[in-house]
Amino acid sequence: QVQLVESGGGLVQAGGSLRLSCLASGSLFRLKSMGWYRQYPGKQRESVAEITVGGDTKYLEAVKGRFTISRDSAKNTVTLQMSSLKPEDTAVYYCNMKAGVAWTSYWGQGTQVTVSS
């Protein structure tokens, strides 16, 4: 069993910053990657940022240069530092972990990020 608990998020003005954190617990020995997805109402979740156990990172084009993902393997946490936020970043953000041979996805409960103009 894997549990992902998110913290952070909230309301911020455009141009501001927020930090999302996710603490993973449970069966993590086949961890492949951790990351963040976001979901707009009525839309599918999209990958925002991902970091592999090897440290490779991947970002959604729309957030490159504004968001930074990092991972603390000792604390089993992944953090998304979001800067220069825009109203279009408003969404529910989900922590994601992929593990096992099949890269099975596990999800956090989601946290709302709202950017006001």
# chains A, B, ... in the order shown; residues from 1 in each chain; ligands from 1
$ residues_around --residues "range 73-82 of chain A" --least-positions-apart "4" --cutoff "9 Å" --atoms "only C-alpha atoms" --output "list in words"
Gly16, Ser17, Leu18, Arg19, Leu20, Ser21, Cys22, Leu23, Ala24, Ser25, Leu28, Met34, Gly35, Trp36, Ala49, Ile51, Val53, Val63, Arg66, Phe67, Thr68, Ile69 and Cys95 of chain A
$ write_last_selection --atoms "N, CA, C and O atoms" --output "PDB file, in the first residue's frame"
ATOM      1  N   GLY A  16       2.496  35.632  -7.941  1.00  0.00           N
ATOM      2  CA  GLY A  16       2.943  35.136  -6.657  1.00  0.00           C
ATOM      3  C   GLY A  16       3.498  33.725  -6.737  1.00  0.00           C
ATOM      4  O   GLY A  16       3.635  33.145  -7.820  1.00  0.00           O
ATOM      5  N   SER A  17       3.821  33.186  -5.561  1.00  0.00           N
ATOM      6  CA  SER A  17       4.424  31.860  -5.478  1.00  0.00           C
ATOM      7  C   SER A  17       3.681  30.985  -4.481  1.00  0.00           C
ATOM      8  O   SER A  17       3.082  31.491  -3.516  1.00  0.00           O
ATOM      9  N   LEU A  18       3.744  29.698  -4.725  1.00  0.00           N
ATOM     10  CA  LEU A  18       3.217  28.703  -3.806  1.00  0.00           C
ATOM     11  C   LEU A  18       4.119  27.485  -3.848  1.00  0.00           C
ATOM     12  O   LEU A  18       4.778  27.230  -4.857  1.00  0.00           O
ATOM     13  N   ARG A  19       4.119  26.731  -2.750  1.00  0.00           N
ATOM     14  CA  ARG A  19       4.871  25.496  -2.706  1.00  0.00           C
ATOM     15  C   ARG A  19       3.939  24.349  -2.325  1.00  0.00           C
ATOM     16  O   ARG A  19       3.203  24.435  -1.334  1.00  0.00           O
ATOM     17  N   LEU A  20       3.994  23.298  -3.126  1.00  0.00           N
ATOM     18  CA  LEU A  20       3.251  22.078  -2.836  1.00  0.00           C
ATOM     19  C   LEU A  20       4.233  21.012  -2.372  1.00  0.00           C
ATOM     20  O   LEU A  20       5.310  20.848  -2.964  1.00  0.00           O
ATOM     21  N   SER A  21       3.842  20.280  -1.336  1.00  0.00           N
ATOM     22  CA  SER A  21       4.669  19.183  -0.851  1.00  0.00           C
ATOM     23  C   SER A  21       3.848  17.910  -0.778  1.00  0.00           C
ATOM     24  O   SER A  21       2.633  17.952  -0.560  1.00  0.00           O
ATOM     25  N   CYS A  22       4.516  16.795  -0.952  1.00  0.00           N
ATOM     26  CA  CYS A  22       3.839  15.503  -0.905  1.00  0.00           C
ATOM     27  C   CYS A  22       4.729  14.522  -0.147  1.00  0.00           C
ATOM     28  O   CYS A  22       5.909  14.357  -0.482  1.00  0.00           O
ATOM     29  N   LEU A  23       4.144  13.901   0.856  1.00  0.00           N
ATOM     30  CA  LEU A  23       4.857  12.908   1.657  1.00  0.00           C
ATOM     31  C   LEU A  23       4.345  11.532   1.275  1.00  0.00           C
ATOM     32  O   LEU A  23       3.142  11.275   1.338  1.00  0.00           O
ATOM     33  N   ALA A  24       5.275  10.666   0.879  1.00  0.00           N
ATOM     34  CA  ALA A  24       4.927   9.303   0.501  1.00  0.00           C
ATOM     35  C   ALA A  24       5.266   8.340   1.621  1.00  0.00           C
ATOM     36  O   ALA A  24       6.280   8.472   2.293  1.00  0.00           O
ATOM     37  N   SER A  25       4.409   7.349   1.811  1.00  0.00           N
ATOM     38  CA  SER A  25       4.657   6.308   2.806  1.00  0.00           C
ATOM     39  C   SER A  25       4.111   4.991   2.291  1.00  0.00           C
ATOM     40  O   SER A  25       3.303   4.951   1.371  1.00  0.00           O
ATOM     41  N   LEU A  28       7.515   1.606  -0.873  1.00  0.00           N
ATOM     42  CA  LEU A  28       8.196   2.500  -1.804  1.00  0.00           C
ATOM     43  C   LEU A  28       9.433   1.873  -2.436  1.00  0.00           C
ATOM     44  O   LEU A  28      10.174   2.565  -3.139  1.00  0.00           O
ATOM     45  N   MET A  34       8.278  10.370  -9.044  1.00  0.00           N
ATOM     46  CA  MET A  34       7.245  11.137  -8.346  1.00  0.00           C
ATOM     47  C   MET A  34       6.991  12.398  -9.133  1.00  0.00           C
ATOM     48  O   MET A  34       7.869  12.881  -9.851  1.00  0.00           O
ATOM     49  N   GLY A  35       5.786  12.924  -8.991  1.00  0.00           N
ATOM     50  CA  GLY A  35       5.482  14.117  -9.761  1.00  0.00           C
ATOM     51  C   GLY A  35       4.173  14.744  -9.368  1.00  0.00           C
ATOM     52  O   GLY A  35       3.542  14.356  -8.378  1.00  0.00           O
ATOM     53  N   TRP A  36       3.794  15.728 -10.134  1.00  0.00           N
ATOM     54  CA  TRP A  36       2.556  16.478  -9.920  1.00  0.00           C
ATOM     55  C   TRP A  36       1.762  16.559 -11.212  1.00  0.00           C
ATOM     56  O   TRP A  36       2.336  16.801 -12.288  1.00  0.00           O
ATOM     57  N   ALA A  49       4.877  18.177 -13.752  1.00  0.00           N
ATOM     58  CA  ALA A  49       6.305  17.989 -13.524  1.00  0.00           C
ATOM     59  C   ALA A  49       6.529  16.608 -12.954  1.00  0.00           C
ATOM     60  O   ALA A  49       5.696  16.091 -12.209  1.00  0.00           O
ATOM     61  N   ILE A  51       9.841  13.816 -11.570  1.00  0.00           N
ATOM     62  CA  ILE A  51      11.251  13.578 -11.280  1.00  0.00           C
ATOM     63  C   ILE A  51      11.444  12.088 -11.031  1.00  0.00           C
ATOM     64  O   ILE A  51      10.690  11.470 -10.270  1.00  0.00           O
ATOM     65  N   VAL A  53      13.736   8.576 -10.003  1.00  0.00           N
ATOM     66  CA  VAL A  53      14.624   8.256  -8.892  1.00  0.00           C
ATOM     67  C   VAL A  53      16.069   8.592  -9.244  1.00  0.00           C
ATOM     68  O   VAL A  53      16.892   8.818  -8.356  1.00  0.00           O
ATOM     69  N   VAL A  63       4.820  25.426 -17.972  1.00  0.00           N
ATOM     70  CA  VAL A  63       5.333  25.793 -16.650  1.00  0.00           C
ATOM     71  C   VAL A  63       6.849  25.863 -16.603  1.00  0.00           C
ATOM     72  O   VAL A  63       7.425  26.220 -15.555  1.00  0.00           O
ATOM     73  N   ARG A  66       9.110  28.399 -14.596  1.00  0.00           N
ATOM     74  CA  ARG A  66       8.324  28.959 -13.488  1.00  0.00           C
ATOM     75  C   ARG A  66       8.184  27.962 -12.330  1.00  0.00           C
ATOM     76  O   ARG A  66       8.104  28.368 -11.164  1.00  0.00           O
ATOM     77  N   PHE A  67       8.109  26.694 -12.647  1.00  0.00           N
ATOM     78  CA  PHE A  67       7.934  25.656 -11.630  1.00  0.00           C
ATOM     79  C   PHE A  67       9.217  24.839 -11.514  1.00  0.00           C
ATOM     80  O   PHE A  67       9.911  24.593 -12.505  1.00  0.00           O
ATOM     81  N   THR A  68       9.498  24.398 -10.304  1.00  0.00           N
ATOM     82  CA  THR A  68      10.657  23.553 -10.058  1.00  0.00           C
ATOM     83  C   THR A  68      10.249  22.379  -9.178  1.00  0.00           C
ATOM     84  O   THR A  68       9.669  22.588  -8.104  1.00  0.00           O
ATOM     85  N   ILE A  69      10.565  21.192  -9.624  1.00  0.00           N
ATOM     86  CA  ILE A  69      10.264  19.997  -8.838  1.00  0.00           C
ATOM     87  C   ILE A  69      11.542  19.501  -8.194  1.00  0.00           C
ATOM     88  O   ILE A  69      12.619  19.553  -8.788  1.00  0.00           O
ATOM     89  N   CYS A  95      -0.571  14.896  -6.329  1.00  0.00           N
ATOM     90  CA  CYS A  95       0.718  14.225  -6.230  1.00  0.00           C
ATOM     91  C   CYS A  95       0.593  12.850  -6.861  1.00  0.00           C
ATOM     92  O   CYS A  95      -0.432  12.161  -6.708  1.00  0.00           O
TER      93      CYS A  95
END
$ residues_around --residues "Tyr40 in chain A" --least-positions-apart "3" --cutoff "10 Å" --atoms "only C-alpha atoms" --output "MDAnalysis selection string"
chainID A and resid 43:46 88:93
$ closest_residue --among "A:Gln39, A:Lys32, A:Ser70, A:Asp56" --to "Ala102 in chain A" --atoms "only C-alpha atoms"
A:Lys32
$ residues_around --residues "Ser33 in chain A" --least-positions-apart "5" --cutoff "10 Å" --atoms "only C-alpha atoms" --output "list in words"
Glu50, Ile51, Thr52, Val53, Gly54, Gly55, Asp56, Thr57, Arg71, Val78, Asn96, Met97, Lys98, Ala99, Trp103 and Ser105 of chain A
$ write_last_selection --atoms "C-alpha atoms" --output "mmCIF file, in the first residue's frame"
data_model
loop_
_atom_site.group_PDB
_atom_site.id
_atom_site.type_symbol
_atom_site.label_atom_id
_atom_site.label_comp_id
_atom_site.auth_asym_id
_atom_site.auth_seq_id
_atom_site.Cartn_x
_atom_site.Cartn_y
_atom_site.Cartn_z
ATOM 1 C CA GLU A 50 7.990 14.683 -12.844
ATOM 2 C CA ILE A 51 11.251 13.578 -11.280
ATOM 3 C CA THR A 52 12.668 10.082 -11.561
ATOM 4 C CA VAL A 53 14.624 8.256 -8.892
ATOM 5 C CA GLY A 54 17.674 9.048 -10.973
ATOM 6 C CA GLY A 55 16.949 12.748 -10.723
ATOM 7 C CA ASP A 56 15.800 13.341 -14.286
ATOM 8 C CA THR A 57 13.068 15.954 -14.523
ATOM 9 C CA ARG A 71 12.702 15.280 -4.268
ATOM 10 C CA VAL A 78 8.482 15.654 -3.454
ATOM 11 C CA ASN A 96 1.628 11.169 -8.260
ATOM 12 C CA MET A 97 3.963 8.285 -7.684
ATOM 13 C CA LYS A 98 4.851 5.574 -10.164
ATOM 14 C CA ALA A 99 6.238 2.274 -8.951
ATOM 15 C CA TRP A 103 4.928 1.939 -13.521
ATOM 16 C CA SER A 105 0.331 5.206 -10.605
#
$ select_by_dssp --residues "chain A" --states "helix (DSSP H, G or I)" --output "mmCIF file with N, CA and C atoms, in the first residue's frame"
data_model
loop_
_atom_site.group_PDB
_atom_site.id
_atom_site.type_symbol
_atom_site.label_atom_id
_atom_site.label_comp_id
_atom_site.auth_asym_id
_atom_site.auth_seq_id
_atom_site.Cartn_x
_atom_site.Cartn_y
_atom_site.Cartn_z
ATOM 1 N N GLU A 61 5.342 22.140 -20.863
ATOM 2 C CA GLU A 61 5.911 23.309 -21.534
ATOM 3 C C GLU A 61 5.410 24.602 -20.906
ATOM 4 N N ALA A 62 4.163 24.637 -20.524
ATOM 5 C CA ALA A 62 3.543 25.865 -20.019
ATOM 6 C C ALA A 62 4.107 26.310 -18.668
ATOM 7 N N VAL A 63 4.820 25.426 -17.972
ATOM 8 C CA VAL A 63 5.333 25.793 -16.650
ATOM 9 C C VAL A 63 6.849 25.863 -16.603
ATOM 10 N N PRO A 87 -3.282 33.034 -13.699
ATOM 11 C CA PRO A 87 -4.645 32.541 -13.474
ATOM 12 C C PRO A 87 -4.894 31.175 -14.115
ATOM 13 N N GLU A 88 -4.252 30.918 -15.241
ATOM 14 C CA GLU A 88 -4.450 29.632 -15.912
ATOM 15 C C GLU A 88 -3.785 28.464 -15.190
ATOM 16 N N ASP A 89 -3.030 28.742 -14.135
ATOM 17 C CA ASP A 89 -2.490 27.676 -13.297
ATOM 18 C C ASP A 89 -3.519 27.195 -12.270
#
$ atom_distance --atom1 "CA of Val101 in chain A" --atom2 "CA of Lys64 in chain A"
28.9 Å
